[in-house]
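J.: mmCIF, C-alpha atoms and all ligand atoms, saved as protein.cif, coming up:
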data_target
loop_
_atom_site.label_atom_id
_atom_site.label_comp_id
_atom_site.auth_asym_id
_atom_site.auth_seq_id
_atom_site.Cartn_x
_atom_site.Cartn_y
_atom_site.Cartn_z
CA MET A 58 -0.54 18.63 -20.21
CA ARG A 59 -3.43 20.03 -18.19
CA TYR A 60 -6.36 17.63 -18.44
CA VAL A 61 -6.64 13.97 -17.60
CA ASP A 62 -7.51 12.91 -21.17
CA GLU A 63 -4.10 14.08 -22.28
CA TYR A 64 -2.47 11.63 -19.90
CA ARG A 65 -4.44 8.84 -21.61
CA ASP A 66 -3.72 9.83 -25.19
CA GLY A 67 -3.24 6.63 -27.18
CA ASP A 68 -1.04 8.16 -29.90
CA LEU A 69 1.27 9.70 -27.36
CA ALA A 70 1.40 6.41 -25.45
CA SER A 71 2.40 4.62 -28.67
CA ARG A 72 5.20 7.12 -29.22
CA VAL A 73 6.51 6.67 -25.67
CA ALA A 74 6.23 2.88 -26.09
CA ALA A 75 8.26 3.14 -29.31
CA ALA A 76 10.89 5.20 -27.50
CA ILE A 77 11.13 2.59 -24.72
CA ALA A 78 11.48 -0.19 -27.30
CA ALA A 79 14.12 1.75 -29.19
CA GLU A 80 16.15 2.68 -26.13
CA ALA A 81 15.91 -0.60 -24.18
CA ASP A 82 19.09 -2.54 -24.91
CA PRO A 83 18.03 -5.93 -26.35
CA GLY A 84 21.05 -7.48 -24.65
CA ARG A 85 19.85 -6.70 -21.14
CA HIS A 86 16.77 -7.16 -18.95
CA TYR A 87 15.13 -4.30 -17.08
CA ALA A 88 13.20 -5.46 -13.99
CA LEU A 89 11.28 -2.53 -12.54
CA MET A 90 9.26 -2.66 -9.32
CA GLU A 91 6.26 -0.42 -8.86
CA PHE A 92 5.89 -0.05 -5.13
CA CYS A 93 2.42 1.46 -4.99
CA GLY A 94 -0.82 -0.49 -5.36
CA GLY A 95 -2.30 2.44 -7.28
CA HIS A 96 0.38 1.96 -9.91
CA THR A 97 -0.28 -1.81 -10.01
CA HIS A 98 -3.94 -1.09 -10.61
CA ALA A 99 -3.18 1.40 -13.42
CA ILE A 100 -0.61 -0.92 -15.04
CA CYS A 101 -3.19 -3.73 -15.18
CA ARG A 102 -6.14 -1.52 -16.09
CA TYR A 103 -4.45 0.18 -19.03
CA GLY A 104 -2.51 -2.88 -20.23
CA ILE A 105 0.80 -1.07 -19.83
CA GLU A 106 2.81 -4.31 -19.74
CA ASP A 107 1.50 -5.07 -23.24
CA LEU A 108 3.11 -1.84 -24.46
CA LEU A 109 6.55 -2.73 -23.13
CA PRO A 110 9.18 -4.80 -24.93
CA PRO A 111 9.68 -8.30 -23.47
CA ASN A 112 12.94 -7.36 -21.77
CA VAL A 113 11.24 -4.60 -19.72
CA THR A 114 9.16 -6.25 -17.00
CA MET A 115 7.20 -4.95 -14.05
CA ILE A 116 7.35 -6.48 -10.58
CA HIS A 117 4.48 -5.67 -8.27
CA GLY A 118 5.52 -4.48 -4.80
CA PRO A 119 3.95 -4.22 -1.34
CA GLY A 120 2.22 -0.86 -1.72
CA CYS A 121 -1.35 -1.83 -0.94
CA PRO A 122 -2.15 -0.81 2.66
CA VAL A 123 -4.92 -3.40 3.05
CA CYS A 124 -2.63 -6.17 1.77
CA VAL A 125 0.33 -5.54 4.06
CA LEU A 126 -1.65 -5.55 7.33
CA PRO A 127 -0.94 -8.90 9.02
CA ILE A 128 -3.74 -11.16 10.21
CA GLY A 129 -2.85 -10.55 13.87
CA ARG A 130 -3.62 -6.81 13.59
CA LEU A 131 -6.92 -7.54 11.83
CA ASP A 132 -7.77 -9.96 14.63
CA MET A 133 -7.21 -7.16 17.14
CA ALA A 134 -9.77 -5.04 15.24
CA ILE A 135 -12.26 -7.92 15.19
CA GLU A 136 -11.73 -8.44 18.92
CA LEU A 137 -12.47 -4.76 19.50
CA ALA A 138 -15.55 -4.81 17.28
CA MET A 139 -17.00 -7.74 19.24
CA ARG A 140 -17.16 -5.64 22.42
CA PRO A 141 -20.79 -4.59 22.96
CA GLU A 142 -19.87 -1.01 23.89
CA VAL A 143 -17.79 -0.47 20.73
CA ILE A 144 -18.67 0.94 17.31
CA LEU A 145 -15.77 0.13 14.99
CA CYS A 146 -15.36 2.49 12.02
CA THR A 147 -13.36 1.10 9.13
CA TYR A 148 -12.59 1.56 5.45
CA GLY A 149 -14.80 -0.73 3.35
CA ASP A 150 -11.89 -2.74 1.93
CA MET A 151 -10.96 -4.04 5.36
CA MET A 152 -14.37 -5.64 5.82
CA ARG A 153 -13.66 -8.65 3.61
CA VAL A 154 -10.03 -9.40 4.48
CA PRO A 155 -9.86 -12.89 6.00
CA GLY A 156 -8.64 -13.03 9.59
CA ARG A 157 -7.79 -16.03 11.74
CA ASP A 158 -9.93 -19.11 10.93
CA ARG A 159 -11.48 -17.29 7.94
CA THR A 160 -13.25 -14.78 10.18
CA SER A 161 -13.58 -11.20 8.92
CA LEU A 162 -15.07 -7.90 9.98
CA MET A 163 -17.93 -8.67 7.57
CA LYS A 164 -18.69 -11.92 9.42
CA ALA A 165 -18.36 -10.16 12.78
CA LYS A 166 -20.90 -7.57 11.57
CA ALA A 167 -23.24 -10.34 10.43
CA GLY A 168 -22.84 -11.81 13.91
CA GLY A 169 -24.05 -8.58 15.52
CA ALA A 170 -20.93 -6.43 15.92
CA ASP A 171 -21.56 -2.72 15.30
CA ILE A 172 -19.14 -2.02 12.45
CA ARG A 173 -19.58 1.00 10.22
CA MET A 174 -17.87 1.66 6.91
CA VAL A 175 -16.43 5.17 6.64
CA TYR A 176 -14.49 7.14 4.03
CA GLY A 177 -12.11 8.64 6.56
CA SER A 178 -11.34 9.67 10.11
CA GLY A 179 -13.70 12.66 9.91
CA ASP A 180 -16.66 10.32 9.46
CA ALA A 181 -15.56 8.35 12.51
CA LEU A 182 -15.40 11.55 14.57
CA ARG A 183 -18.95 12.35 13.49
CA VAL A 184 -20.13 8.88 14.55
CA ALA A 185 -18.52 9.50 17.96
CA ARG A 186 -20.30 12.83 18.37
CA GLU A 187 -23.63 11.26 17.37
CA ASN A 188 -23.23 8.33 19.79
CA PRO A 189 -22.05 9.78 23.11
CA GLY A 190 -23.05 6.62 24.98
CA ARG A 191 -20.86 4.32 22.88
CA GLU A 192 -17.10 3.87 22.37
CA VAL A 193 -16.21 4.71 18.76
CA VAL A 194 -12.91 3.31 17.44
CA PHE A 195 -11.41 4.32 14.11
CA PHE A 196 -9.46 1.42 12.55
CA ALA A 197 -6.70 3.49 10.93
CA ILE A 198 -4.61 1.88 8.20
CA GLY A 199 -2.45 3.17 5.39
CA PHE A 200 0.87 4.67 4.44
CA GLU A 201 2.07 8.24 4.90
CA THR A 202 -0.82 9.41 2.71
CA THR A 203 -3.54 8.74 5.28
CA ALA A 204 -1.55 9.29 8.48
CA PRO A 205 -2.08 13.10 8.41
CA THR A 206 -5.88 12.75 8.32
CA THR A 207 -5.76 10.38 11.28
CA ALA A 208 -3.55 12.90 13.07
CA VAL A 209 -6.13 15.63 12.39
CA ALA A 210 -8.85 13.47 13.94
CA LEU A 211 -6.77 12.87 17.06
CA VAL A 212 -6.00 16.57 17.47
CA GLN A 213 -9.68 17.43 16.98
CA ALA A 214 -10.84 14.75 19.43
CA ALA A 215 -8.38 16.05 22.02
CA SER A 216 -9.39 19.69 21.50
CA MET A 217 -13.09 18.79 21.73
CA GLY A 218 -12.52 16.56 24.75
CA LEU A 219 -14.28 13.78 22.85
CA ARG A 220 -13.69 10.95 25.31
CA ASN A 221 -15.70 8.26 23.50
CA PHE A 222 -13.40 8.33 20.45
CA SER A 223 -10.14 6.45 19.95
CA VAL A 224 -7.89 5.30 17.12
CA PHE A 225 -6.48 1.83 16.49
CA ALA A 226 -3.38 3.01 14.62
CA ASN A 227 -1.79 0.84 11.93
CA HIS A 228 -0.01 3.40 9.79
CA VAL A 229 3.12 2.09 8.08
CA LEU A 230 6.06 3.81 6.42
CA THR A 231 7.10 3.43 2.80
CA PRO A 232 10.90 3.89 3.00
CA SER A 233 11.11 1.09 5.59
CA ALA A 234 9.30 -1.26 3.22
CA ILE A 235 11.55 -0.36 0.30
CA GLN A 236 14.54 -1.07 2.51
CA ALA A 237 13.03 -4.43 3.55
CA ILE A 238 12.57 -5.35 -0.11
CA LEU A 239 16.16 -4.43 -0.93
CA ASP A 240 17.47 -6.33 2.11
CA SER A 241 15.23 -9.37 1.53
CA PRO A 242 17.06 -12.64 0.80
CA GLU A 243 15.32 -12.93 -2.57
CA VAL A 244 16.70 -9.60 -3.74
CA SER A 245 20.01 -9.28 -1.91
CA ALA A 246 21.35 -12.77 -1.17
CA THR A 247 19.89 -15.28 -3.59
CA GLY A 248 19.10 -12.88 -6.41
CA THR A 249 15.95 -14.83 -7.23
CA VAL A 250 14.08 -11.53 -7.47
CA ARG A 251 15.78 -8.94 -9.56
CA VAL A 252 14.89 -5.29 -9.00
CA ASP A 253 16.86 -2.92 -11.22
CA GLY A 254 14.86 0.20 -10.41
CA PHE A 255 11.73 1.50 -8.71
CA ILE A 256 8.67 3.40 -9.84
CA GLY A 257 8.31 5.51 -6.69
CA PRO A 258 4.89 6.00 -5.10
CA GLY A 259 3.08 9.17 -6.12
CA HIS A 260 0.55 9.81 -3.39
CA VAL A 261 2.89 8.98 -0.51
CA SER A 262 5.50 11.28 -2.04
CA THR A 263 3.13 14.25 -2.04
CA ILE A 264 3.50 14.03 1.77
CA ILE A 265 7.07 12.86 2.34
CA GLY A 266 8.62 14.30 -0.84
CA SER A 267 11.20 12.55 -2.99
CA ALA A 268 14.20 13.15 -0.71
CA PRO A 269 13.66 10.03 1.50
CA TYR A 270 14.44 7.80 -1.52
CA GLU A 271 17.82 9.36 -2.19
CA ARG A 272 19.64 6.99 0.18
CA PHE A 273 18.30 3.96 -1.74
CA ALA A 274 19.53 5.33 -5.03
CA ARG A 275 22.91 6.11 -3.46
CA ASP A 276 23.48 3.13 -1.12
CA TYR A 277 21.72 0.35 -3.07
CA ARG A 278 22.50 1.66 -6.56
CA ARG A 279 18.85 1.52 -7.69
CA PRO A 280 17.33 4.40 -9.68
CA ILE A 281 13.91 5.63 -8.57
CA VAL A 282 11.41 7.67 -10.58
CA VAL A 283 8.46 9.05 -8.58
CA SER A 284 5.47 8.66 -10.88
CA GLY A 285 1.91 9.84 -11.34
CA PHE A 286 -0.92 7.39 -11.87
CA GLU A 287 -2.13 8.01 -15.40
CA PRO A 288 -0.94 5.63 -18.12
CA LEU A 289 1.33 8.20 -19.73
CA ASP A 290 2.83 9.06 -16.34
CA ILE A 291 3.83 5.44 -15.87
CA MET A 292 5.07 5.00 -19.44
CA GLN A 293 7.20 8.11 -19.13
CA SER A 294 8.56 6.90 -15.77
CA VAL A 295 9.55 3.57 -17.34
CA LEU A 296 11.36 5.45 -20.10
CA MET A 297 13.16 7.59 -17.50
CA LEU A 298 14.26 4.44 -15.64
CA VAL A 299 15.48 2.78 -18.84
CA ARG A 300 17.50 5.89 -19.63
CA GLN A 301 19.02 5.98 -16.13
CA LEU A 302 19.95 2.30 -16.31
CA ASN A 303 21.41 2.68 -19.80
CA GLY A 304 23.49 5.58 -18.61
CA GLY A 305 24.65 3.81 -15.44
CA ARG A 306 22.95 6.47 -13.32
CA CYS A 307 21.21 5.78 -9.99
CA GLU A 308 19.27 8.89 -9.09
CA VAL A 309 15.89 9.93 -7.77
CA GLU A 310 13.92 11.62 -10.52
CA ASN A 311 10.49 13.14 -10.21
CA GLN A 312 8.09 12.50 -13.09
CA PHE A 313 5.14 13.57 -10.89
CA ASN A 314 6.40 17.12 -10.37
CA ARG A 315 2.90 18.53 -10.78
CA ALA A 316 2.14 17.13 -7.30
CA VAL A 317 5.43 16.10 -5.66
CA SER A 318 8.34 18.22 -4.49
CA ARG A 319 11.67 17.14 -3.04
CA ASP A 320 10.66 18.03 0.53
CA GLY A 321 6.97 17.18 0.47
CA ASN A 322 4.20 18.72 2.54
CA GLY A 323 5.78 20.29 5.62
CA LYS A 324 2.47 20.99 7.36
CA ALA A 325 1.32 17.39 7.04
CA GLN A 326 4.70 16.11 8.21
CA ALA A 327 4.58 18.41 11.28
CA LEU A 328 1.09 17.24 12.14
CA VAL A 329 2.10 13.58 11.93
CA GLU A 330 5.21 14.31 13.98
CA ARG A 331 3.10 15.98 16.67
CA VAL A 332 0.71 13.06 17.07
CA PHE A 333 2.77 9.97 16.22
CA GLU A 334 6.14 8.48 17.00
CA LEU A 335 7.96 5.48 15.53
CA ARG A 336 7.06 2.01 16.75
CA ASP A 337 10.10 -0.06 17.67
CA SER A 338 8.89 -2.78 15.32
CA PHE A 339 5.85 -3.74 13.31
CA GLU A 340 4.99 -6.92 11.45
CA TRP A 341 4.10 -6.55 7.77
CA ARG A 342 2.39 -9.29 5.85
CA GLY A 343 5.00 -10.73 3.51
CA LEU A 344 7.91 -8.62 4.72
CA GLY A 345 8.13 -9.82 8.32
CA THR A 346 8.87 -7.65 11.34
CA ILE A 347 10.60 -4.40 10.39
CA PRO A 348 12.05 -2.00 12.98
CA ASP A 349 10.91 1.63 12.91
CA SER A 350 8.48 0.89 10.08
CA ALA A 351 5.18 2.07 11.58
CA LEU A 352 3.67 4.80 13.71
CA GLN A 353 2.20 4.70 17.20
CA ILE A 354 0.25 7.37 19.04
CA ARG A 355 2.33 9.60 21.31
CA GLU A 356 1.85 9.72 25.08
CA GLU A 357 0.19 13.16 24.82
CA PHE A 358 -2.70 11.52 22.94
CA ALA A 359 -2.69 8.26 24.94
CA ASP A 360 -6.31 8.80 26.05
CA TRP A 361 -7.37 8.41 22.40
CA ASP A 362 -5.20 5.35 21.71
CA ALA A 363 -7.43 2.26 21.38
CA GLU A 364 -4.51 -0.12 21.98
CA ARG A 365 -3.89 1.43 25.40
CA ARG A 366 -7.54 1.95 26.25
CA TRP A 367 -8.33 -1.76 25.80
CA GLN A 368 -4.83 -3.11 26.46
CA LEU A 369 -4.81 -4.88 23.10
CA ARG A 370 -1.95 -7.31 22.56
CA TYR A 371 -0.62 -8.37 19.18
CA VAL A 372 -0.46 -12.12 18.53
CA PRO A 373 1.18 -13.13 15.23
CA VAL A 374 -0.91 -15.44 13.04
CA ALA A 375 0.45 -17.43 10.10
CA ASP A 376 -1.10 -16.85 6.67
CA ASN A 377 -3.32 -19.48 5.07
CA ARG A 378 -0.90 -22.11 3.72
CA ALA A 379 -2.53 -22.16 0.29
CA CYS A 380 -2.08 -18.41 -0.10
CA SER A 381 0.93 -16.83 -1.82
CA CYS A 382 0.20 -13.25 -0.71
CA ALA A 383 3.46 -13.04 1.24
CA GLN A 384 5.59 -13.92 -1.79
CA ILE A 385 3.53 -11.64 -4.03
CA LEU A 386 4.05 -8.71 -1.66
CA ARG A 387 7.83 -9.31 -1.80
CA GLY A 388 7.77 -9.48 -5.60
CA ALA A 389 8.83 -13.14 -5.49
CA LYS A 390 5.65 -14.38 -7.21
CA LYS A 391 2.96 -13.01 -9.50
CA PRO A 392 -0.75 -13.59 -8.84
CA LEU A 393 -1.03 -16.31 -11.48
CA ASP A 394 1.66 -18.27 -9.64
CA CYS A 395 -0.79 -18.84 -6.78
CA ALA A 396 -2.45 -22.24 -7.15
CA ILE A 397 -5.84 -20.95 -6.01
CA PHE A 398 -5.94 -17.67 -7.99
CA GLY A 399 -9.31 -17.31 -9.71
CA THR A 400 -10.56 -20.67 -8.43
CA ALA A 401 -10.82 -20.94 -4.66
CA CYS A 402 -9.75 -17.28 -4.36
CA THR A 403 -11.77 -14.59 -6.14
CA PRO A 404 -12.80 -11.02 -5.23
CA GLU A 405 -16.18 -12.41 -4.11
CA ASN A 406 -14.51 -15.05 -1.93
CA PRO A 407 -11.00 -13.83 -1.10
CA MET A 408 -8.62 -16.24 0.62
CA GLY A 409 -5.88 -13.65 0.99
CA SER A 410 -5.58 -9.90 1.36
CA CYS A 411 -4.18 -9.27 -2.16
CA MET A 412 -7.55 -10.24 -3.67
CA VAL A 413 -9.57 -7.76 -1.59
CA SER A 414 -8.57 -4.18 -2.28
CA PRO A 415 -8.55 -2.99 -5.92
CA GLU A 416 -4.95 -1.94 -5.21
CA GLY A 417 -3.99 -5.53 -4.41
CA SER A 418 -2.08 -7.33 -7.17
CA CYS A 419 -4.42 -10.33 -7.25
CA ALA A 420 -7.53 -8.17 -7.49
CA ALA A 421 -5.94 -6.04 -10.25
CA TYR A 422 -4.97 -9.18 -12.18
CA TYR A 423 -8.38 -10.70 -11.68
CA LEU A 424 -10.14 -7.58 -12.93
CA TYR A 425 -7.89 -6.74 -15.85
CA GLY A 426 -5.25 -9.33 -16.59
CA ARG A 427 -6.30 -12.75 -15.52
CA TRP A 428 -6.08 -14.25 -18.99
CA ARG A 429 -2.76 -12.63 -19.83
CA ASP A 430 -0.51 -15.55 -18.89
CA THR A 431 -3.02 -18.34 -19.41
CA PRO A 432 -1.33 -20.06 -22.40
CA GLN A 433 2.00 -20.06 -20.60
CA ARG A 434 0.32 -21.37 -17.47
CA ALA A 435 -1.38 -24.14 -19.40
CA LYS A 436 1.95 -25.16 -20.92
CA THR A 437 3.81 -25.25 -17.64
CA GLY A 438 0.94 -26.44 -15.43
S1 LIG A 501 -4.87 -15.58 -5.29
FE1 LIG A 501 -5.74 -15.26 -3.27
S2 LIG A 501 -4.71 -16.71 -1.96
FE2 LIG A 501 -3.49 -16.55 -3.84
S3 LIG A 501 -1.98 -14.99 -3.39
FE3 LIG A 501 -3.71 -13.95 -4.30
S4 LIG A 501 -4.97 -13.31 -2.56
FE4 LIG A 501 -3.51 -14.82 -1.77
#
Please go through the file and, once you have read it, give me the structure as structure tokens.
T.:
Amino acid sequence: MRYVDEYRDGDLASRVAAAIAAEADPGRHYALMEFCGGHTHAICRYGIEDLLPPNVTMIHGPGCPVCVLPIGRLDMAIELAMRPEVILCTYGDMMRVPGRDRTSLMKAKAGGADIRMVYGSGDALRVARENPGREVVFFAIGFETTAPTTAVALVQAASMGLRNFSVFANHVLTPSAIQAILDSPEVSATGTVRVDGFIGPGHVSTIIGSAPYERFARDYRRPIVVSGFEPLDIMQSVLMLVRQLNGGRCEVENQFNRAVSRDGNGKAQALVERVFELRDSFEWRGLGTIPDSALQIREEFADWDAERRWQLRYVPVADNRACSCAQILRGAKKPLDCAIFGTACTPENPMGSCMVSPEGSCAAYYLYGRWRDTPQRAKTG
């Protein structure tokens, strides 16, 4: 297939759905976790769960970068933005995420903070060049997909001697999160969350390749299929997982081979390696503190590290007690299990991070699937 329409072909999707239904053993249950928020969005948008037999279910994982950033790190960004000398450059999604005491970057901006929405680190560099009398900080978030572009900005800032630019780095690593899911009490000890296999993230894998997942398939006996983002990509990946599980195989397979290789993008990996090193530990919303799960700026680029420049200190902050984002990010709950989904918490008035970014499970459900489980909810509620 060469064009996007072909990946959305309804007849072909029906045939793949029929193959899944025919090959899924009615005597067993297949619980498949999609790690990436882009997959969650596509699954909800195209109604993929409606095409699957009842014994093949999807569990939504922690792959939305906005969702997994803990409140304490957001508070650090708000603290920075409140400094009169600072222009904080951020992705638009971060603006509405609630921080401590229901503050947000949006409210800080309304209160006078100079916060600018950007599409990437290059825009932030431009703002720094245009405002030599101000301190411009790029609030960098994301998985391995966005870390290389942040690294480029740091290398450029250093080569230009751009002293009024710095990066507040919050890049996190996918394999560490998959490991945390597999080691979580819900999955490993109590078995309250069953994960039989993973739909592996597509965009992240274009950078890191599929090889980093091989240890999960081997050591945890969970098959992984790296998938593209079109509906037929995901349907085909589900079929590949069902076939692996039926055959008792636990391998890494690559459905997204038009973009992903086993070893990934060596140039991007080298760039990230040059600029960043592993943090000893990093707190994730929902997954807790995970060692070696995030990146920090190396000493060579310390002059462009906002955390060092302003001696920022991380203070953990508990999530809103009414919010189930933490359980949703671990796959232990679905959005409709949250008591305030669609009532007190909506995309216009988010109470938790999962309702903010379109890649968040709650936002995807709200946009595309909020009525799906309503009869069941009414019965049990
Ligand atoms: S509905 Fe809102 S408060 Fe509840 S889990 Fe989702 S984002 Fe959090």
J.: Looking at A:Leu386, A:Leu424, A:Val244, A:Ile105, which one is nearest to ligand LIG 501 (chain A), with distances taken over only C-alpha atoms and all ligand atoms?
T.: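 Distance minimum relative to ligand LIG 501 (chain A) lands on A:Leu386.
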J.: Enumerate as JSON, numbers by chain the residues within 10 Å of ligand LIG 501 (chain A), counting all atoms listed in the file.
T.: {"A": [124, 154, 155, 376, 377, 378, 379, 380, 381, 382, 383, 384, 385, 386, 390, 391, 392, 393, 394, 395, 396, 397, 398, 399, 400, 401, 402, 403, 404, 406, 407, 408, 409, 410, 411, 412, 413, 414, 417, 418, 419, 420, 422, 423]}
J.: Need to verify the contact set: Tyr87 of chain A, 9 Å, all atoms listed in the file, exclusion of same-chain residues closer than 6 positions in sequence. Can you return it as a list in words?
T.: Ala81, Asn112, Val113, Thr114, Met115, Arg251, Val252, Asp253, Gly254, Leu298, Val299 and Leu302 of chain A
J.: Considering all atoms listed in the file, can you say which of A:Glu271, A:Asp180, A:Asp150, A:Glu201 comes closest to Val309 of chain A?
T.: A:Glu271
J.: Which residue out of A:Ala327, A:Ala246, A:Ala351, A:Ala363 has the minimum interatomic distance to Pro205 of chain A when all atoms listed in the file are used?
T.: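 Once distances to Pro205 of chain A are computed over all atoms listed in the file, the minimum belongs to A:Ala327.
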J.: Given all atoms listed in the file as the basis, pick out the residue of A:Met133, A:Val194, A:Leu289, A:Met151 nearest to Gln368 of chain A.
T.: A:Met133
